[in-house]
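Q: Please read through the structure below; I'll follow up with questions.
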Amino acid sequence: MSNYRKAVDMVFRKLGKVPSPDLNSATPLWGSRAEVGWFKDYLATTLRKRPSALDEEVVRHLVHNYGTEDERVMRYAEGNSAWLTRVTKGSPVIWAEIVHAIRDEMAQKLSDVILRRTELGEGGSPGDECLAACAQMIAKEKGWDRLKTEKEIDEVKAIYKPAQ
């Protein structure tokens, strides 16, 4: 039993209450499967089995960000191998992650994808070309028109403008 669990049990005893069952110990985190075992072993296995279209940096990125759900993200590329390519040279983010963000992670806006669902915007603006390409993919998935697409791009660009 962990020290944390012992401390919680002691607090409940002192309060004269019974602790609820510990759901955390039985509930796996998203992207983790108990049968996988150690993370480093899973990563090594995934690197050995990686599709030839993916370099080691991208695979490491996928496993670190999605855990065992990396397979789910890569499955999007089964219908379109271009989705295994990087969105932009400076980032290991691939197009399948953009599709995953839209279809599985409820991304509604370009800013959701750039700032919250992927790492594309974490080191600063990913650049106009990247924003336009991502916006086009989201527009296709969500049925945005040209005006909505441009508005989304402008909103993200405004985030990166220095304060006046």
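Here, A, B, ... name the chains of the structure tokens in the order displayed, residue numbers run from 1 inside each chain, and ligands are numbered from 1 in the same displayed order.
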List every residue of region 32-85 of chain A that has an atom at most 12 Å from any atom of region 104-114 of chain A, giving for each one its closest atom pair and the distance in Å to one decimal, counting only C-alpha atoms, sorted by chain and then by ascending residue number, as CSV.
A:
```
residue,atom,partner,partner_atom,distance
A:Tyr66,CA,A:Glu105,CA,11.9
A:Glu69,CA,A:Asp104,CA,11.4
A:Arg72,CA,A:Asp104,CA,10.0
A:Val73,CA,A:Asp104,CA,9.4
A:Tyr76,CA,A:Asp104,CA,11.1
```
Q: Could you check how far CA of Val93 (chain A) sits from CA of Lys140 (chain A), in Å to one decimal?
A: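 We find that CA of Val93 (chain A) and CA of Lys140 (chain A) lie 19.1 Å from each other.
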Q: Point out the residue among A:Glu150, A:Asp55, A:Glu97, A:Asp9 with the least atom-to-atom distance to Arg116 (chain A), counting only C-alpha atoms.
A: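 Of all the options, A:Glu97 lies closest to Arg116 (chain A).
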